[in-house]
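Student: Structure incoming, see below.
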Amino acid sequence: MHTLYFDLRDTKGQQKEIEDKIAAAAKILREGGLVAIPTETVYGLGANGLDGEAVQRIFEAKGRPNDNPLILHVTGQQWLPRYCRDVPPIAYVLARKFWPGPLTMILKRKPVVPDETTAGLDTVAMRCPNHPVTLAIIREAGVPIAAPSANTSGRPSCTSAQDVLEDMDGKIQGVVDGGPCTVGVESTILDLTCEPPRLLRPGGLPLEDLERLIGHIDVDKAVTGALKEGEKPKAPGMKYRHYAPKAPVTVITGAPEKSAREIQKRITATSGVICFDEFAHLFREQEVHTLGPSGDKLTQAQRVFDALRTFDNSAVTEIFAQCPDNRGLGLAVGNRLKKAAGFHVIEADSERVVLGLTGGTGAGKTSALRAIESLGGTVIDCDQVYHRMLTEDEDLRRDIHNAFPSAFTRDGVLDRQKLGQEVFSDKERLAQLNEIVYCHIIPELRRMLEEGTGDLFAIDAINLLEAGVDQLCDRTVAITAPAELRVRRIMVRDGITEQYARLRISAQKPDEYYRGKCDLELNNAADSPETFESEAREFFQRLIETVKEEKQHGTV
Ligand code: TXA
Ligand code: MG
């Protein structure tokens, strides 16, 4: 097959010529052919998303497994109700703010969308790309365009028309060249069919931007780590080992100076290195591809696939990659590098261990925290942090003020008691307050950890998991205890009646909840706080060893 090349890099030139090319590409698509199209994230391999047979050809050209659904590309939110049912209002809120742009929303599908596009799922992925040429092509074609990234399955995504030709020349009807992609990593995928919404794939739109608009978002496990055998991610594509160069990749996380030093310790003359610009001079003997300056995640996103792709034609025996932190676009860049590494990740900061502790009243969290302190650890009490922020953090105060104006006096002083009363018996208001607090407390905790010294930290939070504090922790531990023991302990501790003690315990989440959500459980059936504290010390000592071991030698 001859692959037509449509050069649309310059859209300011001859309008007639441009329109003709757009019309030609749209015609091929309408008639069931395949055309690679530019988007701001990566190039897509497009077909008419309503034509099952055309979509099937995408899978053949890419060698893509059939169980991996495609994204439908549209020109705006007005297309949502054509292909999706029960569209929640939040989808329109998001579309208004972020479309066109690197956000894909998972919604319930209507039957007009063929099974080939959604791989038989009851949901469909919707995105409005921010590229004038592709928007014009979709408008002209008059159908939504199903398009996965235009690479051969398993190879890095294509960020230029040349990359596409490398993989697809002779296999598809056309390639539209719209210039290099400005974002460089694929769109962020957000599942809106669950509550709270769930991040299925980090991408060109940072998680923080989404959370600022719609509050807390759960992060799917497949984003941050390898899945265990038999575990299924919600985005089927996340289970595949993508973007893998031929040589095995090891990702080194941690502060850039530390990760560079760690790579230096490990390399040989035949190693390849992906690093930030500042550190390239350390690897003169090796083949090096740089990601851009360590502080510039925009450039890192643009270059990450290029760096991986370039190693495909190289004879290196192994590749070490520096990795940005998880903030902003760093989550997406890090995710692509880690996926290329099959999540073989080593932490340069391997000495430091952060534990998250949670559990109900009377279970023994205080003793467990004392055990951490006796091991030289620093305890961060989220409740205290919150109270400090209430007086010091202007952004938090402003957000609370906007949502709860009546909890403030006329001169803008927060009346905590009033705030407490307002949320005490109103679940929705409480959820609203929590949402605001969680959004602000995570960056603050992160800052405290970064600025803190020492190798051991324990973060204590009753809402550890709901608040998303677990993302800062190496392990989360549920402190639990037999119910009868808890009743007796809090009766003695707080001087309350048995009835009241039972009431307090039953108002909290049961142990099973914490057990199910945390990585580990520490059960306190000891007959004195001292005994439990020493049991806890041993437990944590073993745990810290395991975590450090894992960080030094890599997970998986
Ligand atoms: O930026 C992008 O999103 C690019 C450009 C071309 O738009 N497209 C892209 O498509 O990255 P692709 O096919 O390489 O990745 C789509 C991901 C896959 O992981 C797939 O499993 C997931 O989206 N996906 C598609 N439909 C889904 C659905 N209904 N539910 C969950 N995940 C879905
Ligand atoms: Mg892809």
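Scheme for the structure tokens: letters A, B, ... for chains in order shown; per-chain residue numbers from 1; ligand numbers from 1 in order shown.
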As a ChimeraX atom specification, please: every protein or nucleic acid residue near ligand 2 (cut-off 9 Å, counting only C-alpha atoms and all ligand atoms).
Tutor: /A:42,44,148-157,186,237,242-243
Student: Could you turn the residues from that selection into a file that holds N, CA and C atoms, as an mmCIF file, in the first residue's frame?
Tutor:
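Generated file (again14.cif):
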```
data_model
loop_
_atom_site.group_PDB
_atom_site.id
_atom_site.type_symbol
_atom_site.label_atom_id
_atom_site.label_comp_id
_atom_site.auth_asym_id
_atom_site.auth_seq_id
_atom_site.Cartn_x
_atom_site.Cartn_y
_atom_site.Cartn_z
ATOM 1 N N VAL A 42 0.336 13.018 21.268
ATOM 2 C CA VAL A 42 1.136 12.149 20.403
ATOM 3 C C VAL A 42 0.326 11.961 19.122
ATOM 4 N N GLY A 44 -1.971 10.111 16.464
ATOM 5 C CA GLY A 44 -2.968 9.053 16.572
ATOM 6 C C GLY A 44 -3.120 8.334 15.248
ATOM 7 N N PRO A 148 -5.897 5.244 18.452
ATOM 8 C CA PRO A 148 -4.874 4.962 19.463
ATOM 9 C C PRO A 148 -3.611 5.711 19.054
ATOM 10 N N SER A 149 -2.593 5.674 19.893
ATOM 11 C CA SER A 149 -1.319 6.260 19.491
ATOM 12 C C SER A 149 -0.825 5.515 18.246
ATOM 13 N N ALA A 150 -0.122 6.217 17.360
ATOM 14 C CA ALA A 150 0.142 5.690 16.018
ATOM 15 C C ALA A 150 1.363 4.771 15.921
ATOM 16 N N ASN A 151 1.893 4.370 17.048
ATOM 17 C CA ASN A 151 3.047 3.474 17.057
ATOM 18 C C ASN A 151 2.627 2.027 16.840
ATOM 19 N N THR A 152 3.576 1.195 16.420
ATOM 20 C CA THR A 152 3.352 -0.246 16.472
ATOM 21 C C THR A 152 3.192 -0.607 17.939
ATOM 22 N N SER A 153 2.258 -1.511 18.242
ATOM 23 C CA SER A 153 2.002 -1.876 19.636
ATOM 24 C C SER A 153 3.299 -2.264 20.339
ATOM 25 N N GLY A 154 3.487 -1.742 21.537
ATOM 26 C CA GLY A 154 4.681 -2.093 22.308
ATOM 27 C C GLY A 154 5.845 -1.142 22.091
ATOM 28 N N ARG A 155 5.776 -0.306 21.051
ATOM 29 C CA ARG A 155 6.851 0.678 20.835
ATOM 30 C C ARG A 155 6.457 2.027 21.451
ATOM 31 N N PRO A 156 7.439 2.916 21.634
ATOM 32 C CA PRO A 156 7.079 4.229 22.188
ATOM 33 C C PRO A 156 6.122 4.962 21.255
ATOM 34 N N SER A 157 5.259 5.792 21.828
ATOM 35 C CA SER A 157 4.331 6.575 21.024
ATOM 36 C C SER A 157 5.089 7.534 20.104
ATOM 37 N N GLU A 186 0.838 11.086 26.227
ATOM 38 C CA GLU A 186 -0.571 10.950 25.883
ATOM 39 C C GLU A 186 -1.471 11.661 26.882
ATOM 40 N N GLY A 237 -5.246 -0.997 28.529
ATOM 41 C CA GLY A 237 -3.918 -0.750 27.968
ATOM 42 C C GLY A 237 -2.816 -0.651 29.005
ATOM 43 N N HIS A 242 4.494 -1.316 27.811
ATOM 44 C CA HIS A 242 4.626 -0.398 26.682
ATOM 45 C C HIS A 242 6.027 0.144 26.539
ATOM 46 N N TYR A 243 6.227 0.833 25.456
ATOM 47 C CA TYR A 243 7.354 1.740 25.293
ATOM 48 C C TYR A 243 8.692 1.102 25.639
#
```
Student: Mind the document's chain letters and residue numbers, and return as a ChimeraX atom specification the residues of segment 388-546 of chain A that DSSP labels alpha helix (DSSP H).
Tutor: /A:388-392,394-403,416-424,427-451,483-494,498-506,511-517,529-546
Student: Among segment 373-403 of chain A, which residues carry a DSSP assignment of strand (DSSP E or B), reported as a list in words?
Tutor: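 Everything in segment 373-403 of chain A that counts as strand (DSSP E or B) is Thr378, Val379, Ile380 and Asp381 of chain A.
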Student: Can you build me a table of chain A residues sitting at most 6 Å from ligand 1, with the closest atom pair per residue and its distance in Å to one decimal, using only C-alpha atoms and all ligand atoms, sorted by chain and residue number, as a Markdown table?
Tutor:
```
| residue | atom | partner | partner_atom_place_in_ligand_line | distance |
| --- | --- | --- | --- | --- |
| A:Thr41 | CA | ligand 1 | 1 (O) | 4.8 |
| A:Val42 | CA | ligand 1 | 5 (C) | 5.3 |
| A:Tyr43 | CA | ligand 1 | 6 (C) | 5.1 |
| A:Gly44 | CA | ligand 1 | 6 (C) | 3.5 |
| A:Asn68 | CA | ligand 1 | 21 (O) | 4.8 |
| A:Pro69 | CA | ligand 1 | 25 (C) | 4.3 |
| A:Leu70 | CA | ligand 1 | 25 (C) | 4.5 |
| A:Ile71 | CA | ligand 1 | 25 (C) | 5.1 |
| A:Ile106 | CA | ligand 1 | 29 (N) | 5.6 |
| A:Thr118 | CA | ligand 1 | 29 (N) | 5.6 |
| A:Leu121 | CA | ligand 1 | 29 (N) | 6.0 |
| A:Thr123 | CA | ligand 1 | 29 (N) | 4.3 |
| A:Val124 | CA | ligand 1 | 29 (N) | 3.9 |
| A:Ala125 | CA | ligand 1 | 26 (N) | 4.4 |
| A:Ala147 | CA | ligand 1 | 6 (C) | 5.5 |
| A:Pro148 | CA | ligand 1 | 13 (O) | 3.2 |
| A:Ser149 | CA | ligand 1 | 14 (O) | 4.1 |
| A:Glu186 | CA | ligand 1 | 1 (O) | 3.3 |
| A:Ser187 | CA | ligand 1 | 1 (O) | 3.7 |
| A:Lys234 | CA | ligand 1 | 31 (C) | 5.4 |
| A:Ala235 | CA | ligand 1 | 32 (N) | 3.3 |
| A:Pro236 | CA | ligand 1 | 21 (O) | 3.9 |
| A:Gly237 | CA | ligand 1 | 19 (O) | 3.2 |
| A:Met238 | CA | ligand 1 | 19 (O) | 5.1 |
```
Student: From the options A:Val183, A:Cys439, A:Ala363, A:Ala507, which residue's atoms come nearest to Ala483 of chain A, counting only C-alpha atoms?
Tutor: A:Ala363
Student: Could you list, as a ChimeraX atom specification, every residue within 12 Å of segment 386-399 of chain A, counting only C-alpha atoms and ignoring same-chain residues fewer than 5 positions away?
Tutor: /A:212-213,215,380-381,404-405,407-408,412-416,419,432-445,460-461
Student: Could you state the separation of atom CA of Val487 of chain A and atom CA of Gly360 of chain A in Å, given to one decimal place?
Tutor: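 Separation between atom CA of Val487 of chain A and atom CA of Gly360 of chain A: 11.2 Å.
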Student: In terms of the shortest atom-to-atom distance over only C-alpha atoms, which of A:Ala501, A:Ile274, A:Val469, A:Ile459 is closest to Val219 of chain A?
Tutor: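 Using only C-alpha atoms, the shortest distance to Val219 of chain A belongs to A:Val469.
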Student: Can you list, as a compact mmCIF listing (two decimals) with N, CA, C and O atoms, in the first residue's frame, every protein, DNA or RNA residue that comes within 8 Å of Ile22 of chain A when you count only C-alpha atoms, leaving out same-chain residues fewer than 5 positions away?
Tutor:
```
# COMPACT_ATOMS: atom_id res chain seq x y z
N VAL A 133 -5.51 21.15 12.92
CA VAL A 133 -5.63 20.33 11.72
C VAL A 133 -6.56 19.14 11.98
O VAL A 133 -7.48 18.86 11.21
N ALA A 136 -10.13 20.12 12.37
CA ALA A 136 -10.72 20.40 11.06
C ALA A 136 -11.05 19.10 10.32
O ALA A 136 -12.11 18.98 9.68
N ILE A 137 -10.18 18.11 10.44
CA ILE A 137 -10.43 16.83 9.77
C ILE A 137 -11.66 16.14 10.35
O ILE A 137 -12.51 15.62 9.62
N GLU A 140 -14.76 17.91 9.23
CA GLU A 140 -15.01 17.64 7.80
C GLU A 140 -15.53 16.20 7.62
O GLU A 140 -16.43 15.96 6.83
```
Student: Name all residues at most 7 Å from Leu103 of chain A (count only C-alpha atoms; drop same-chain ones fewer than 4 positions away) and give them as a ChimeraX atom specification.
Tutor: /A:98,127,187-189,205
Student: Please, could you write that set of residues out with N, CA and C atoms as a PDB file, in the first residue's frame?
Tutor:
```pdb
ATOM      1  N   PHE A  98     -11.140  22.126  30.181  1.00  0.00           N
ATOM      2  CA  PHE A  98      -9.915  21.513  29.647  1.00  0.00           C
ATOM      3  C   PHE A  98      -9.967  21.091  28.183  1.00  0.00           C
ATOM      4  N   ARG A 127     -12.364  12.153  23.882  1.00  0.00           N
ATOM      5  CA  ARG A 127     -11.334  13.193  23.986  1.00  0.00           C
ATOM      6  C   ARG A 127     -11.481  14.194  22.852  1.00  0.00           C
ATOM      7  N   SER A 187      -2.761  11.684  26.544  1.00  0.00           N
ATOM      8  CA  SER A 187      -3.724  12.389  27.385  1.00  0.00           C
ATOM      9  C   SER A 187      -3.882  11.706  28.749  1.00  0.00           C
ATOM     10  N   THR A 188      -4.342  12.491  29.688  1.00  0.00           N
ATOM     11  CA  THR A 188      -4.695  11.993  31.018  1.00  0.00           C
ATOM     12  C   THR A 188      -6.060  11.308  30.901  1.00  0.00           C
ATOM     13  N   ILE A 189      -6.167  10.082  31.431  1.00  0.00           N
ATOM     14  CA  ILE A 189      -7.461   9.381  31.334  1.00  0.00           C
ATOM     15  C   ILE A 189      -8.144   9.369  32.697  1.00  0.00           C
ATOM     16  N   LEU A 205      -2.320  16.358  31.063  1.00  0.00           N
ATOM     17  CA  LEU A 205      -3.002  17.279  31.980  1.00  0.00           C
ATOM     18  C   LEU A 205      -2.719  16.822  33.413  1.00  0.00           C
TER      19      LEU A 205
END
```
Student: If we count only C-alpha atoms, what is near Gln162 of chain A at a cut-off of 10 Å, once residues fewer than 6 positions away on the same chain are taken out, given as a PyMOL selection string?
Tutor: chain A and resi 168-169+175+177+179-180
Student: Could you please take those selected residues and save C-alpha atoms as a short mmCIF file (atom, residue, chain, number, x, y, z; two decimals), in the first residue's frame?
Tutor:
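Result file follows (out.cif):
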```
data_model
loop_
_atom_site.label_atom_id
_atom_site.label_comp_id
_atom_site.auth_asym_id
_atom_site.auth_seq_id
_atom_site.Cartn_x
_atom_site.Cartn_y
_atom_site.Cartn_z
CA MET A 168 3.37 2.66 9.64
CA ASP A 169 4.70 3.42 6.15
CA VAL A 175 -0.15 10.39 7.33
CA ASP A 177 2.05 15.93 9.27
CA GLY A 179 4.49 19.23 13.12
CA PRO A 180 6.03 17.90 16.33
#
```
Student: Could you list, as a PyMOL selection string, every residue within 7 Å of segment 536-544 of chain A, counting only C-alpha atoms and ignoring same-chain residues fewer than 5 positions away?
Tutor: chain A and resi 353+368+371-372
Student: Take the residues just selected and output them with N, CA, C and O atoms as a compact mmCIF listing (two decimals), in the first residue's frame.
Tutor:
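Heads up, here's the output in part23.txt:
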```
# COMPACT_ATOMS: atom_id res chain seq x y z
N VAL A 353 12.53 6.04 54.84
CA VAL A 353 11.30 5.26 54.85
C VAL A 353 10.17 6.10 55.43
O VAL A 353 10.33 6.71 56.48
N ALA A 368 1.95 2.82 68.95
CA ALA A 368 2.69 2.48 67.72
C ALA A 368 3.55 3.67 67.29
O ALA A 368 4.71 3.50 66.89
N ALA A 371 6.54 3.92 69.37
CA ALA A 371 7.55 2.94 68.94
C ALA A 371 8.38 3.51 67.79
O ALA A 371 9.61 3.36 67.75
N ILE A 372 7.72 4.19 66.86
CA ILE A 372 8.45 4.81 65.74
C ILE A 372 9.43 5.85 66.27
O ILE A 372 10.58 5.91 65.86
```
Student: Check the smallest atom-to-atom distance from each of A:Cys382, A:Leu485, A:Leu375, A:Val547 to Asp527 of chain A using only C-alpha atoms, then report the winner.
Tutor: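 Closest to Asp527 of chain A, using only C-alpha atoms: A:Leu485.
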Student: Nearest to Gly184 of chain A among A:Asp349, A:Glu318, A:Asp306, A:Asp474, with distances taken over only C-alpha atoms: which residue is it?
Tutor: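 Closest to Gly184 of chain A, using only C-alpha atoms: A:Asp306.
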Student: Pick out the closest residue to Leu282 of chain A from this set: A:Ala260, A:Ala269, A:Ala526, A:Val143. Count only C-alpha atoms.
Tutor: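 Under the stated criterion, the closest residue is A:Ala260.
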Student: For a quick check of understanding, using only C-alpha atoms, which of A:Ile252, A:Ala321, A:Cys518, A:Val35 has the smallest distance to Val55 of chain A?
Tutor: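 Ranking A:Ile252, A:Ala321, A:Cys518, A:Val35 by distance to Val55 of chain A, first place goes to A:Val35.
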